[in-house]
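Accompanying notes for the structure given below.
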Amino acid sequence: MIYIKQFIVNPVQENCYVISDDTREAVIIDCGCFEQKEWDKIKSYIKAENLKIVHLLNTHLHFDHTLGNRFVYDDFGIMAKAHHGDSSLYSHTHQQLSLFFGNALSGISIPKIDTSLKANEILNFGEHKIKVLHTPGHSQGGVCFYCKEEGTLWSGDTLFEGSVGRTDLEGGNYSTLIKSINDNLLSLPDKTRVFPGHGPMTTIGDEKKFNPYI
């Protein structure tokens, strides 16, 4: 059994997830904290549950999903992993910030990141496995993380309840995004729970029935 704790962080209301199982090993997905107080809530949960963080993962490298990586690295020594397709995007993090916030966040530090994730790679934590699904379109290096044993997908900004990720930012392409969803996600069991980067949980079956984009 896995335990999923969701934290909604930063002005863009991004979903950060802490996933663990009975072994107490844990994974953080998309730590987008802008402020220390946001990270303190997550860290307090990790310590209260006596969790050992073994992976810090990014579904893609837009600023609202990555800025908390610095807190995780400083406190736990874990470097974030992402797909190399977003390497250029990550190097433009300060430009992304200036586009949304002007110079208000210009002083935020951007930690190094490990861009070695590959399509179909298997990541282990505790008694569970997470498969990396490469789903470009929202960004070139976008990925989703799938836990088959638990029927659970973390979709980042690829798929939302009733919607899909925007494609008007650097590296975005609408036709590529839809192909990624059709090829990689809609083939998953209908009961698969989908935890997106923003907004509420959904299922693959509901998105097949009700999502107007797919």
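Here's how to read the names in the structure tokens: chain A, B, ... by the order shown, residue numbers from 1 in each chain, ligand numbers from 1 in the order shown.
DSSP secondary structure from the backbone places Asn69, Arg70, Phe71, Val72, Tyr73, Asp74, Asp75, Phe76, Ser87, Ser88, Leu89, Tyr90, Ser91, Thr93, His94, Gln95, Gln96, Leu97, Ser98, Leu99, Phe100 and Phe101 of chain A of range 69-106 of chain A in alpha helix (DSSP H).
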Practice problem: Fewer than 2 positions away in the same chain doesn't count, so skip those; otherwise give me all residues within 8 Å of Arg70 in chain A, counting only C-alpha atoms, as JSON, numbers by chain. | Solution: {"A": [67, 68, 72, 73, 74, 109, 110, 111]}
Quiz item: If we count only C-alpha atoms, what is near range 194-210 of chain A at a cut-off of 6 Å, once residues fewer than 4 positions away on the same chain are taken out, given as a count of residues only?
Solution: 10
Practice problem: Please measure the separation of CA of Ser163 in chain A and CA of Ala80 in chain A, giving the value in Å to one decimal. | Solution: 27.0 Å
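Between CA of Gly172 in chain A and CA of Gln140 in chain A lies a distance of 6.7 Å.
Minimum atom-to-atom distance to Arg193 in chain A, evaluated using only C-alpha atoms, belongs to A:Cys147 out of A:Ala82, A:Leu169, A:Cys147, A:Val54.
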Write out as a PDB file with C-alpha atoms, in the first residue's frame each polymer residue whose atoms come within 6 Å of Lys131 in chain A, counting only C-alpha atoms; drop sequence neighbours fewer than 4 positions from it.
ATOM      1  CA  ASN A 120      10.454   3.448 -19.393  1.00  0.00           C
ATOM      2  CA  GLU A 121      13.072   3.717 -16.636  1.00  0.00           C
ATOM      3  CA  ILE A 122      12.046   1.998 -13.401  1.00  0.00           C
ATOM      4  CA  PHE A 145       5.250   8.641 -13.189  1.00  0.00           C
ATOM      5  CA  TYR A 146       3.241   5.402 -13.081  1.00  0.00           C
TER       6      TYR A 146
END
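When only C-alpha atoms are used to measure the gap to Thr23 in chain A, the shortest distance among A:Lys112, A:Lys47, A:Lys191, A:Lys52 belongs to A:Lys52.
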Exercise. Name the residues in contact with Met79 in chain A at a cut-off of 7 Å, using only C-alpha atoms, excluding same-chain residues fewer than 5 positions from it; report them as a ChimeraX atom specification.
Key: /A:56,73,113-114
Self-check item: Contact residues around range 41-46 of chain A with only C-alpha atoms at 12 Å, ignoring same-chain residues under 2 positions, as a PyMOL selection string
Solution: chain A and resi 3-9+15-20+24-29+31-33+35-39+48-53+68+71-72+74-76
Print the selection's residues with C-alpha atoms to a file, as a PDB file, in the first residue's frame.
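Here's the written file again-v2.pdb:
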ATOM      1  CA  TYR A   3       0.360   6.715   1.096  1.00  0.00           C
ATOM      2  CA  ILE A   4      -0.034   9.919  -0.900  1.00  0.00           C
ATOM      3  CA  LYS A   5       0.149  13.314   0.766  1.00  0.00           C
ATOM      4  CA  GLN A   6      -0.632  16.348  -1.364  1.00  0.00           C
ATOM      5  CA  PHE A   7       0.596  19.857  -0.638  1.00  0.00           C
ATOM      6  CA  ILE A   8      -0.660  22.827  -2.673  1.00  0.00           C
ATOM      7  CA  VAL A   9       2.156  25.341  -2.943  1.00  0.00           C
ATOM      8  CA  ASN A  15       0.509  20.100  -6.365  1.00  0.00           C
ATOM      9  CA  CYS A  16       3.549  18.670  -4.604  1.00  0.00           C
ATOM     10  CA  TYR A  17       3.270  15.010  -3.609  1.00  0.00           C
ATOM     11  CA  VAL A  18       5.022  12.943  -0.963  1.00  0.00           C
ATOM     12  CA  ILE A  19       4.540   9.215  -1.655  1.00  0.00           C
ATOM     13  CA  SER A  20       5.551   6.516   0.807  1.00  0.00           C
ATOM     14  CA  ARG A  24       8.872   4.415   5.273  1.00  0.00           C
ATOM     15  CA  GLU A  25      10.877   5.050   2.109  1.00  0.00           C
ATOM     16  CA  ALA A  26       9.426   7.981   0.196  1.00  0.00           C
ATOM     17  CA  VAL A  27       9.452   9.944  -3.031  1.00  0.00           C
ATOM     18  CA  ILE A  28       8.767  13.647  -3.512  1.00  0.00           C
ATOM     19  CA  ILE A  29       7.278  14.672  -6.852  1.00  0.00           C
ATOM     20  CA  CYS A  31       8.453  20.216  -4.959  1.00  0.00           C
ATOM     21  CA  GLY A  32       7.410  23.673  -6.127  1.00  0.00           C
ATOM     22  CA  CYS A  33       7.705  25.557  -2.823  1.00  0.00           C
ATOM     23  CA  GLU A  35       8.748  29.991   0.511  1.00  0.00           C
ATOM     24  CA  GLN A  36      10.376  28.439   3.552  1.00  0.00           C
ATOM     25  CA  LYS A  37       7.022  28.183   5.344  1.00  0.00           C
ATOM     26  CA  GLU A  38       5.655  26.011   2.536  1.00  0.00           C
ATOM     27  CA  TRP A  39       8.625  23.690   2.765  1.00  0.00           C
ATOM     28  CA  ALA A  48       6.345  13.136  11.740  1.00  0.00           C
ATOM     29  CA  GLU A  49       5.956  10.062   9.531  1.00  0.00           C
ATOM     30  CA  ASN A  50       9.627   9.127   9.957  1.00  0.00           C
ATOM     31  CA  LEU A  51      10.111   8.982   6.194  1.00  0.00           C
ATOM     32  CA  LYS A  52      13.360   8.453   4.325  1.00  0.00           C
ATOM     33  CA  ILE A  53      13.422  10.386   1.037  1.00  0.00           C
ATOM     34  CA  GLY A  68      11.439  23.747  -3.928  1.00  0.00           C
ATOM     35  CA  PHE A  71      14.958  23.069   0.091  1.00  0.00           C
ATOM     36  CA  VAL A  72      15.045  19.300  -0.401  1.00  0.00           C
ATOM     37  CA  ASP A  74      19.673  21.602   1.548  1.00  0.00           C
ATOM     38  CA  ASP A  75      17.852  19.498   4.159  1.00  0.00           C
ATOM     39  CA  PHE A  76      18.168  15.962   2.785  1.00  0.00           C
TER      40      PHE A  76
END
Practice problem: Find the residues around Tyr90 in chain A up to 6 Å (only C-alpha atoms counted), leave out those fewer than 3 positions away in its own chain, and share them as a VMD selection string. | Solution: chain A and resid 61 87 93
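Distance annotation: of A:Asp40, A:Asp183, A:Asp21, A:Asp64, the residue with the minimal separation from Ile214 in chain A is A:Asp183; atom set is only C-alpha atoms.
In this model, the gap between CA of Glu149 in chain A and CA of Pro189 in chain A comes to 11.7 Å.
Each of A:Leu177, A:Leu89, A:Leu117, A:Ile108 was checked against Pro136 in chain A using only C-alpha atoms; the smallest atom-to-atom distance is that of A:Leu177.
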Exercise. Check range 58-202 of chain A with DSSP on the backbone and list each residue it calls strand (DSSP E or B), as a PyMOL selection string.
Key: chain A and resi 81-83+114-117+122-125+128-134+143-147+152-156+159-160+163-164+193-196+202
